[in-house]
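*Asks:* coords02.txt is reproduced below (compact mmCIF, C-alpha atoms).
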# COMPACT_ATOMS: atom_id res chain seq x y z
CA MET A 1346 -33.16 -20.93 15.36
CA PRO A 1347 -31.07 -22.43 12.52
CA GLY A 1348 -31.35 -20.43 9.33
CA SER A 1349 -33.02 -17.54 11.10
CA PHE A 1350 -30.20 -15.11 10.29
CA ARG A 1351 -30.38 -13.99 6.69
CA SER A 1352 -27.08 -12.91 5.21
CA ARG A 1353 -25.82 -11.45 1.95
CA GLU A 1354 -22.95 -13.92 2.19
CA SER A 1355 -22.96 -17.55 3.31
CA HIS A 1356 -19.38 -18.78 3.07
CA PHE A 1357 -17.75 -19.76 6.39
CA THR A 1358 -20.87 -19.15 8.47
CA THR A 1359 -22.29 -21.41 11.18
CA GLU A 1360 -25.94 -22.07 11.96
CA PRO A 1361 -26.94 -20.87 15.43
CA PRO A 1362 -27.67 -23.60 18.01
CA GLU A 1363 -31.08 -25.30 17.86
CA TYR A 1364 -32.07 -23.87 21.23
CA GLY A 1365 -31.52 -20.38 19.90
CA VAL A 1366 -29.39 -17.53 21.19
CA ASP A 1367 -30.23 -14.64 23.48
CA LYS A 1368 -27.03 -12.63 22.96
CA LEU A 1369 -25.27 -11.66 19.75
CA VAL A 1370 -22.44 -9.42 18.66
CA ILE A 1371 -22.72 -7.41 15.46
CA ARG A 1372 -19.53 -5.82 14.24
CA ILE A 1373 -20.22 -2.75 12.11
CA PHE A 1374 -17.33 -1.51 9.99
CA ASN A 1375 -16.88 2.26 10.09
CA PRO A 1376 -17.34 3.53 6.51
CA THR A 1377 -15.40 6.73 7.27
CA ALA A 1378 -12.35 4.99 8.78
CA THR A 1379 -8.98 6.10 7.42
CA GLY A 1380 -5.73 4.20 7.05
CA VAL A 1381 -7.45 0.87 6.27
CA ASP A 1382 -8.29 -1.11 3.16
CA LYS A 1383 -12.11 -0.97 3.10
CA GLN A 1384 -12.59 -3.07 -0.01
CA TYR A 1385 -11.83 -6.45 1.56
CA ARG A 1386 -11.62 -5.88 5.32
CA VAL A 1387 -14.83 -7.82 6.08
CA GLN A 1388 -13.76 -10.74 3.89
CA ASN A 1389 -10.30 -10.70 5.46
CA GLU A 1390 -11.70 -11.05 8.98
CA VAL A 1391 -14.16 -13.79 8.02
CA ALA A 1392 -11.53 -15.77 6.11
CA SER A 1393 -8.87 -15.31 8.79
CA MET A 1394 -11.22 -16.44 11.55
CA HIS A 1395 -12.07 -19.53 9.48
CA VAL A 1396 -8.44 -20.45 8.74
CA ILE A 1397 -7.28 -19.89 12.32
CA ARG A 1398 -10.26 -21.86 13.65
CA MET A 1399 -9.16 -24.78 11.47
CA GLY A 1400 -5.63 -24.49 12.83
CA LEU A 1401 -6.78 -24.46 16.47
CA ALA A 1402 -9.00 -27.49 15.80
CA ARG A 1403 -5.84 -29.50 15.17
CA ALA A 1404 -5.19 -29.45 18.91
CA GLY A 1405 -8.12 -31.86 19.34
CA THR A 1406 -9.10 -30.27 22.66
CA GLY A 1407 -11.80 -27.85 21.55
CA LEU A 1408 -9.31 -24.98 21.39
CA GLU A 1409 -11.07 -23.65 18.30
CA LYS A 1410 -14.04 -22.64 20.48
CA ILE A 1411 -12.21 -19.44 21.47
CA ILE A 1412 -12.97 -18.14 17.94
CA PRO A 1413 -16.55 -16.80 17.84
CA ASP A 1414 -18.89 -18.52 15.37
CA ILE A 1415 -20.05 -16.33 12.49
CA TYR A 1416 -23.80 -16.45 11.82
CA GLY A 1417 -23.81 -14.04 8.90
CA TRP A 1418 -21.83 -11.30 7.23
CA GLY A 1419 -22.01 -8.70 4.49
CA ALA A 1420 -19.11 -7.24 2.56
CA GLU A 1421 -18.84 -3.55 1.82
CA ARG A 1422 -19.93 -2.46 -1.64
CA PHE A 1423 -18.65 0.56 -3.54
CA GLN A 1424 -19.60 2.69 -6.51
CA GLY A 1425 -16.37 4.50 -7.18
CA GLU A 1426 -15.35 6.00 -3.84
CA LEU A 1427 -18.90 5.88 -2.48
CA ASN A 1428 -19.63 3.17 0.08
CA THR A 1429 -23.10 1.84 -0.88
CA ASN A 1430 -23.27 -0.99 1.67
CA ILE A 1431 -21.76 -0.90 5.15
CA GLY A 1432 -19.84 -4.03 6.07
CA TRP A 1433 -20.93 -6.14 9.03
CA ILE A 1434 -20.35 -9.47 10.78
CA LEU A 1435 -22.97 -11.11 13.02
CA MET A 1436 -21.23 -13.43 15.44
CA GLU A 1437 -21.45 -15.44 18.63
CA HIS A 1438 -21.34 -13.62 21.94
CA LYS A 1439 -18.49 -14.90 24.13
CA GLU A 1440 -18.54 -14.64 27.90
CA GLY A 1441 -15.54 -13.40 29.84
CA THR A 1442 -13.69 -10.49 31.35
CA PRO A 1443 -11.91 -8.32 28.79
CA GLY A 1444 -8.18 -7.77 29.03
CA GLY A 1445 -6.31 -4.53 28.67
CA THR A 1446 -9.01 -2.34 30.26
CA PRO A 1447 -8.81 -0.44 33.57
CA THR A 1448 -11.14 -2.99 35.22
CA GLY A 1449 -10.02 -5.98 33.16
CA VAL A 1450 -7.21 -8.53 33.21
CA HIS A 1451 -3.63 -7.18 33.33
CA MET A 1452 -0.38 -9.10 33.65
CA GLU A 1453 0.72 -6.70 36.38
CA ASN A 1454 -2.34 -7.54 38.51
CA LEU A 1455 -2.07 -11.33 38.22
CA SER A 1456 -0.38 -13.73 40.59
CA ASP A 1457 2.71 -15.55 39.33
CA GLN A 1458 0.68 -18.75 38.93
CA ARG A 1459 -2.03 -17.06 36.88
CA ARG A 1460 0.56 -15.36 34.69
CA SER A 1461 2.05 -18.77 34.00
CA ASP A 1462 -1.40 -20.23 33.27
CA ILE A 1463 -2.16 -17.52 30.72
CA MET A 1464 1.27 -17.68 29.05
CA LYS A 1465 1.01 -21.47 28.75
CA GLN A 1466 -2.40 -21.20 27.05
CA LEU A 1467 -1.30 -18.38 24.76
CA ALA A 1468 1.80 -20.35 23.70
CA GLU A 1469 -0.43 -23.28 22.74
CA ILE A 1470 -2.81 -20.98 20.84
CA LEU A 1471 0.10 -19.40 18.93
CA SER A 1472 1.55 -22.82 18.15
CA TYR A 1473 -1.65 -23.94 16.43
CA ILE A 1474 -2.18 -20.61 14.68
CA GLN A 1475 1.25 -21.18 13.15
CA ARG A 1476 0.10 -24.65 12.02
CA SER A 1477 -3.08 -23.39 10.38
CA PRO A 1478 -3.46 -24.86 6.87
CA LEU A 1479 -2.98 -22.08 4.35
CA PRO A 1480 -5.52 -21.83 1.51
CA PRO A 1481 -3.87 -23.20 -1.66
CA THR A 1482 -5.53 -20.39 -3.65
CA ALA A 1483 -3.76 -17.70 -1.57
CA PRO A 1484 -0.06 -17.97 -2.52
CA ASP A 1485 1.17 -14.54 -1.39
CA PHE A 1486 1.93 -12.51 1.72
CA GLY A 1487 -0.94 -10.24 2.76
CA GLY A 1488 -4.61 -10.26 3.58
CA LEU A 1489 -7.37 -12.58 2.38
CA ASN A 1490 -10.40 -12.17 0.16
CA ILE A 1491 -13.33 -14.53 -0.48
CA LEU A 1492 -14.56 -15.16 -4.02
CA THR A 1493 -18.20 -15.90 -4.79
CA ASN A 1494 -17.36 -19.61 -5.13
CA GLY A 1495 -15.84 -19.68 -1.64
CA ASP A 1496 -12.19 -19.71 -2.68
CA ILE A 1497 -9.89 -17.72 -0.38
CA ILE A 1498 -7.35 -15.68 -2.34
CA SER A 1499 -4.55 -13.25 -1.52
CA SER A 1500 -5.38 -9.57 -1.20
CA ALA A 1501 -4.22 -6.36 0.45
CA MET A 1502 -3.92 -6.31 4.23
CA THR A 1503 -6.52 -4.27 6.10
CA THR A 1504 -4.19 -2.07 8.15
CA VAL A 1505 -1.03 -2.12 6.01
CA GLU A 1506 -0.76 -0.18 2.77
CA GLY A 1507 0.02 -2.23 -0.30
CA GLY A 1508 0.05 -5.92 -0.95
CA PRO A 1509 -0.27 -8.68 -1.62
CA TRP A 1510 3.48 -9.29 -1.70
CA LYS A 1511 5.52 -12.06 -3.27
CA SER A 1512 8.17 -12.14 -0.54
CA TYR A 1513 8.83 -10.97 3.01
CA THR A 1514 11.48 -8.59 1.67
CA ASP A 1515 8.83 -6.89 -0.48
CA PHE A 1516 6.56 -6.64 2.57
CA CYS A 1517 9.28 -5.02 4.72
CA VAL A 1518 10.35 -2.54 2.04
CA ASP A 1519 6.73 -1.51 1.49
CA ARG A 1520 6.34 -0.96 5.24
CA ILE A 1521 9.42 1.28 5.26
CA ARG A 1522 8.22 3.17 2.19
CA SER A 1523 4.80 3.69 3.79
CA GLY A 1524 6.39 4.94 7.02
CA ILE A 1525 8.53 7.45 5.17
CA THR A 1526 5.52 8.67 3.18
CA LYS A 1527 3.62 9.28 6.42
CA PHE A 1528 6.63 11.04 7.88
CA GLN A 1529 7.09 13.28 4.84
CA THR A 1530 3.41 14.28 4.67
CA ASP A 1531 2.77 14.81 8.39
CA PRO A 1532 2.54 18.60 8.99
CA ARG A 1533 4.44 18.21 12.26
CA THR A 1534 7.60 16.83 10.63
CA TYR A 1535 8.68 19.73 8.41
CA GLN A 1536 11.63 20.59 10.67
CA PHE A 1537 13.02 17.05 10.43
CA ARG A 1538 12.51 16.28 6.76
CA GLU A 1539 15.89 17.55 5.57
CA LYS A 1540 17.47 15.06 7.99
CA PHE A 1541 15.44 12.17 6.64
CA PRO A 1542 15.26 12.23 2.82
CA SER A 1543 13.55 9.25 1.18
CA SER A 1544 16.08 8.87 -1.64
CA ASN A 1545 17.63 5.72 -0.18
CA ILE A 1546 14.53 3.52 -0.33
CA ASP A 1547 15.76 1.72 -3.47
CA ARG A 1548 19.17 1.31 -1.88
CA LEU A 1549 17.57 -0.09 1.27
CA SER A 1550 15.48 -2.45 -0.85
CA ASP A 1551 18.63 -3.77 -2.53
CA LEU A 1552 20.37 -4.07 0.83
CA LEU A 1553 17.57 -6.11 2.39
CA GLY A 1554 17.36 -8.22 -0.73
CA ASP A 1555 21.05 -9.06 -0.34
CA ARG A 1556 21.20 -9.29 3.44
CA PHE A 1557 18.12 -11.37 4.23
CA PRO A 1558 19.31 -14.43 2.27
CA HIS A 1559 22.82 -13.95 3.71
CA ALA A 1560 21.27 -14.04 7.20
CA HIS A 1561 19.36 -17.20 6.17
CA VAL A 1562 16.01 -15.40 6.32
CA ASP A 1563 13.52 -17.55 4.42
CA ILE A 1564 11.77 -14.70 2.59
CA GLY A 1565 9.15 -17.14 1.28
CA HIS A 1566 8.22 -18.64 4.67
CA ARG A 1567 4.51 -17.97 5.22
CA THR A 1568 2.24 -18.75 8.16
CA MET A 1569 -1.12 -17.52 9.34
CA ILE A 1570 -0.85 -14.70 11.88
CA HIS A 1571 -3.40 -13.04 14.12
CA GLY A 1572 -1.33 -9.86 14.09
CA ALA A 1573 -2.44 -8.44 17.45
CA LEU A 1574 -2.03 -11.05 20.18
CA ARG A 1575 -2.63 -8.74 23.13
CA PHE A 1576 -4.82 -8.96 26.20
CA GLU A 1577 -7.10 -6.25 24.81
CA ASN A 1578 -8.14 -8.73 22.11
CA MET A 1579 -8.95 -11.57 24.50
CA LEU A 1580 -11.61 -12.51 27.06
CA PHE A 1581 -10.81 -14.39 30.26
CA SER A 1582 -12.82 -16.51 32.71
CA GLN A 1583 -12.04 -18.56 35.77
CA ASN A 1584 -12.52 -22.31 35.36
CA GLU A 1585 -14.99 -23.43 38.03
CA ASP A 1586 -13.31 -26.83 38.43
CA THR A 1587 -9.59 -25.98 38.34
CA GLN A 1588 -9.88 -22.31 39.39
CA GLU A 1589 -7.41 -21.50 36.61
CA LEU A 1590 -7.77 -18.28 34.63
CA GLU A 1591 -8.54 -19.28 31.05
CA ILE A 1592 -8.59 -17.51 27.70
CA THR A 1593 -12.20 -17.90 26.57
CA ALA A 1594 -12.15 -15.82 23.38
CA LEU A 1595 -9.73 -14.45 20.81
CA LEU A 1596 -11.09 -11.36 19.06
CA ASP A 1597 -10.24 -8.61 16.55
CA PHE A 1598 -8.79 -10.11 13.37
CA GLU A 1599 -8.24 -6.77 11.67
CA ARG A 1600 -4.49 -7.36 11.31
CA ALA A 1601 -4.75 -11.07 10.57
CA GLY A 1602 -3.43 -12.54 7.35
CA ILE A 1603 -0.59 -14.55 5.89
CA CYS A 1604 2.92 -13.33 6.67
CA HIS A 1605 6.35 -14.42 7.86
CA PRO A 1606 6.11 -16.09 11.31
CA SER A 1607 8.30 -13.38 12.83
CA GLN A 1608 5.56 -10.79 12.30
CA GLU A 1609 3.50 -12.15 15.20
CA PHE A 1610 6.40 -11.22 17.51
CA ILE A 1611 6.64 -7.74 15.96
CA TRP A 1612 2.98 -6.70 16.09
CA GLY A 1613 1.97 -8.14 19.46
CA LEU A 1614 2.83 -10.25 22.54
CA GLU A 1615 4.09 -7.25 24.53
CA GLU A 1616 2.45 -8.25 27.82
CA VAL A 1617 4.02 -11.71 27.91
CA GLY A 1618 7.52 -10.48 27.03
CA GLY A 1619 7.58 -11.69 23.44
CA ASN A 1620 7.80 -8.55 21.30
CA ILE A 1621 11.09 -8.06 19.42
CA ALA A 1622 10.48 -4.53 18.12
CA ASN A 1623 9.16 -2.51 21.06
CA PHE A 1624 9.84 -4.32 24.32
CA PRO A 1625 8.33 -2.48 27.31
CA SER A 1626 11.24 -1.34 29.42
CA THR A 1627 12.66 1.44 31.55
CA SER A 1628 15.72 2.08 29.37
CA GLY A 1629 16.84 1.65 25.80
CA PHE A 1630 19.91 -0.27 26.99
CA PHE A 1631 17.82 -2.90 28.74
CA GLU A 1632 15.45 -3.11 25.79
CA LEU A 1633 18.32 -4.00 23.46
CA LEU A 1634 19.65 -6.59 25.91
CA VAL A 1635 16.35 -8.38 26.42
CA ILE A 1636 15.45 -8.34 22.70
CA ASP A 1637 18.85 -9.88 21.98
CA ALA A 1638 18.10 -12.58 24.57
CA ILE A 1639 14.66 -13.26 23.03
CA VAL A 1640 16.10 -13.46 19.53
CA SER A 1641 19.04 -15.66 20.51
CA GLY A 1642 17.32 -17.67 23.24
CA ARG A 1643 20.35 -17.08 25.50
CA PHE A 1644 18.99 -15.36 28.58
CA GLU A 1645 22.01 -16.42 30.62
CA ASN A 1646 23.98 -13.62 28.93
CA MET A 1647 22.06 -11.16 31.12
CA SER A 1648 22.83 -12.92 34.41
CA SER A 1649 25.86 -10.75 35.23
CA ILE A 1650 24.14 -7.42 34.52
CA ILE A 1651 22.72 -5.34 37.36
CA LEU A 1652 19.04 -4.77 36.75
CA SER A 1653 16.31 -2.88 38.56
CA ASN A 1654 13.49 -4.85 40.17
CA ARG A 1655 11.20 -4.07 37.24
CA GLU A 1656 13.83 -5.07 34.69
CA THR A 1657 14.47 -8.32 36.56
CA ALA A 1658 10.74 -9.09 36.47
CA LEU A 1659 10.51 -8.29 32.76
CA ARG A 1660 13.53 -10.44 31.98
CA LEU A 1661 11.99 -13.35 33.90
CA ARG A 1662 8.71 -12.90 32.05
CA ALA A 1663 10.47 -13.02 28.68
CA PHE A 1664 12.42 -16.10 29.80
CA ASN A 1665 9.24 -17.87 30.94
CA TRP A 1666 7.44 -17.02 27.70
CA ASN A 1667 10.33 -18.48 25.72
CA SER A 1668 10.10 -21.64 27.83
CA PHE A 1669 6.34 -21.98 27.25
CA LEU A 1670 6.86 -21.59 23.50
CA MET A 1671 9.42 -24.40 23.63
CA ALA A 1672 7.01 -26.65 25.54
CA ALA A 1673 4.21 -25.91 23.03
CA LYS A 1674 6.58 -26.71 20.14
CA ALA A 1675 5.83 -23.33 18.63
CA MET A 1676 8.09 -21.38 16.33
CA ARG A 1677 9.85 -18.81 18.52
CA PRO A 1678 12.31 -16.05 17.66
CA ALA A 1679 15.33 -18.18 18.56
CA THR A 1680 14.27 -20.89 16.07
CA ILE A 1681 13.30 -18.62 13.17
CA PRO A 1682 16.37 -18.13 10.92
CA GLY A 1683 17.64 -14.58 10.54
CA MET A 1684 15.71 -13.10 13.47
CA ALA A 1685 18.55 -10.76 14.46
CA ASP A 1686 18.29 -8.96 11.12
CA ILE A 1687 14.49 -9.14 11.09
CA SER A 1688 14.42 -7.54 14.54
CA GLN A 1689 16.60 -4.68 13.33
CA VAL A 1690 14.31 -4.08 10.35
CA ALA A 1691 11.26 -4.18 12.64
CA ARG A 1692 12.82 -1.57 14.94
CA LEU A 1693 13.73 0.53 11.91
CA ILE A 1694 10.14 0.49 10.66
CA SER A 1695 8.73 1.39 14.07
CA ARG A 1696 11.20 4.29 14.43
CA ILE A 1697 10.48 5.80 11.02
CA TYR A 1698 6.95 6.63 12.11
CA PRO A 1699 6.83 5.70 15.78
CA PRO A 1700 3.67 4.32 17.42
CA CYS A 1701 4.16 6.87 20.21
CA ILE A 1702 3.44 9.62 17.67
CA GLU A 1703 1.04 8.09 15.15
CA GLY A 1704 -2.58 8.82 15.92
CA TYR A 1705 -1.95 11.60 18.45
CA GLY A 1706 -3.19 14.59 16.48
CA ARG A 1707 -3.29 16.86 19.55
CA ILE A 1708 0.27 16.19 20.71
CA SER A 1709 2.18 19.42 21.40
CA ARG A 1710 4.94 20.47 19.02
CA ARG A 1711 7.46 20.39 21.87
CA GLN A 1712 6.45 16.87 22.88
CA TYR A 1713 6.49 15.83 19.23
CA ALA A 1714 10.02 17.17 18.81
CA ARG A 1715 11.17 15.37 21.96
CA ASN A 1716 9.61 12.08 20.80
CA TYR A 1717 10.99 12.38 17.33
CA SER A 1718 14.49 13.26 18.49
CA PHE A 1719 14.46 9.95 20.35
CA ALA A 1720 13.05 8.23 17.26
CA LEU A 1721 15.82 9.63 15.06
CA SER A 1722 18.50 8.46 17.46
CA GLN A 1723 17.01 4.97 17.38
CA LEU A 1724 16.77 5.18 13.60
CA LYS A 1725 20.46 6.03 13.45
CA ASP A 1726 21.27 2.84 15.39
CA CYS A 1727 19.08 0.72 13.12
CA LEU A 1728 20.40 2.19 9.89
CA GLY A 1729 23.95 1.98 11.16
CA TYR A 1730 23.41 -1.75 11.63
CA PHE A 1731 22.67 -2.01 7.92
CA GLU A 1732 25.64 0.16 6.99
CA ILE A 1733 23.73 2.86 5.14
CA LEU A 1734 24.08 5.68 7.63
CA GLY A 1735 26.11 8.82 7.12
CA THR A 1736 26.58 11.79 9.48
CA ASP A 1737 26.88 15.48 8.78
CA GLU A 1738 29.24 17.88 10.52
CA ASP A 1739 26.89 18.26 13.47
CA GLY A 1740 26.63 14.51 13.97
CA GLU A 1741 22.97 14.57 12.95
CA CYS A 1742 21.35 11.67 11.17
CA SER A 1743 21.71 12.17 7.41
CA VAL A 1744 20.63 9.15 5.48
As a first step, turn the structure in this file into structure tokens.

*Replies:*
Amino acid sequence: MPGSFRSRESHFTTEPPEYGVDKLVIRIFNPTATGVDKQYRVQNEVASMHVIRMGLARAGTGLEKIIPDIYGWGAERFQGELNTNIGWILMEHKEGTPGGTPTGVHMENLSDQRRSDIMKQLAEILSYIQRSPLPPTAPDFGGLNILTNGDIISSAMTTVEGGPWKSYTDFCVDRIRSGITKFQTDPRTYQFREKFPSSNIDRLSDLLGDRFPHAHVDIGHRTMIHGALRFENMLFSQNEDTQELEITALLDFERAGICHPSQEFIWGLEEVGGNIANFPSTSGFFELLVIDAIVSGRFENMSSIILSNRETALRLRAFNWNSFLMAAKAMRPATIPGMADISQVARLISRIYPPCIEGYGRISRRQYARNYSFALSQLKDCLGYFEILGTDEDGECSV
């Protein structure tokens, strides 16, 4: 019943329906989690869900209903380093089949028509996320916090060290600095550290500061981002009338916040062929080709290249996704100024401390060395693009 859920906090909550609810979801925030900002992570999710819901409402078609209603929430409280109150969010239960699970919805298992249906919907969702009205009291890049009077202000991001940031350049340099710190302190990297000194961070900062404006990157361009637009963060259901597969819920706002619009294409959208940092492929050569096509919007440049069946399918998927973004009037890589340089920086960041290594504490030293040798070769390409790479007598990467 309305008002039946008592909450420490009341901002941006919704009363449950008059007829009551028989299913709920309570999100409990792990107090022992590492690598996250615990101080404001609950507030960031609540505020981000509110702002994105407002953006989706602009469609005028009920699109905002894919964001679960929040019935109550409680922020984490600390005394020094001690967590005295565990954070939680009580929210609406959404029906649907999860994506990204062994028994869930996968792009590879869908018919061509259903792939198109999902990409069309996701393009529309992204378009309205990009149009979400930004809180006037949150002027920076980063996460969001909620004051006691309900104002939404800028804060650190939940899963990214540092922030808030005044510009996108500051954000990128902090990401590189964080990656190098992880690299230098990981016990598995001692044999590579002499090949990857961190002394050029200031030089890289100056270089990006000079190059981004030269490449017409608008370092002050801010939009709302979800930060993890992947099937694993969505629920799907079949429409009984049209038989179309529909996105019925958008979940997990841990990486949400305010950032440059390019960041949505760096942190997610892999399944639909929209990621410009780590495109799923069978070869590095093809990955570079298709990312160049995504960034430029010129897929015809790949028409004369012999591709495997899988590469042909991936190229078509990226082309179709680009077309759906155009139809939805969304910002896409080809229309965001300076995306070629942004893509190179994104690849650089991902190679400094690669996702294939991070989080795998039990990986063998041999496998680690093999993965990191590949990472260093990619890093050499990225750094070479920015003209700050040198080589030693053995041709090894020596930045």

*Asks:* At most 10 Å is the cut-off: for each residue in segment 1373-1416 of chain A with any atom that close to an atom of segment 1480-1487 of chain A, write down the nearest atom pair and the distance in Å rounded to one decimal, counting all atoms listed in the file, chain first then increasing number, as a tab-separated table.

*Replies:*
residue	atom	partner	partner_atom	distance
A:Asn1389	CA	A:Gly1487	CA	9.8
A:Ala1392	CA	A:Pro1480	CA	9.7
A:Val1396	CA	A:Pro1480	CA	7.9

*Asks:* With C-alpha atoms retained, could you export that selection as a PDB file, in the frame of the given file?

*Replies:*
ATOM      1  CA  ASN A1389     -10.300 -10.700   5.460  1.00  0.00           C
ATOM      2  CA  ALA A1392     -11.530 -15.770   6.110  1.00  0.00           C
ATOM      3  CA  VAL A1396      -8.440 -20.450   8.740  1.00  0.00           C
TER       4      VAL A1396
END

*Asks:* Which residue is closest to Ser1607 of chain A? Choose from A:Ala1402, A:Leu1634, A:Met1671, A:Met1676 and count all atoms listed in the file.

*Replies:* A:Met1676

*Asks:* Rank A:Asn1654, A:Gln1424, A:Thr1504, A:Thr1442 by their smallest atom-to-atom distance to Gly1380 of chain A, using all atoms listed in the file, and report the top residue only.

*Replies:*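 Checking each candidate against Gly1380 of chain A, we get A:Thr1504 as the closest.
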
*Asks:* Tell me, as number ranges by chain, which residues lie within 9 Å of segment 1461-1468 of chain A, counting all atoms listed in the file; anything in the same chain fewer than 2 positions away does not count.

*Replies:* A: 1456-1459, 1470-1473, 1574, 1589-1592, 1617, 1665-1667, 1669-1675

*Asks:* Could you check which of A:Arg1522, A:His1356, A:Lys1511, A:Lys1368 is closest to Cys1604 of chain A, using all atoms listed in the file?

*Replies:*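 When distances to Cys1604 of chain A are compared using all atoms listed in the file, the smallest one comes from A:Lys1511.
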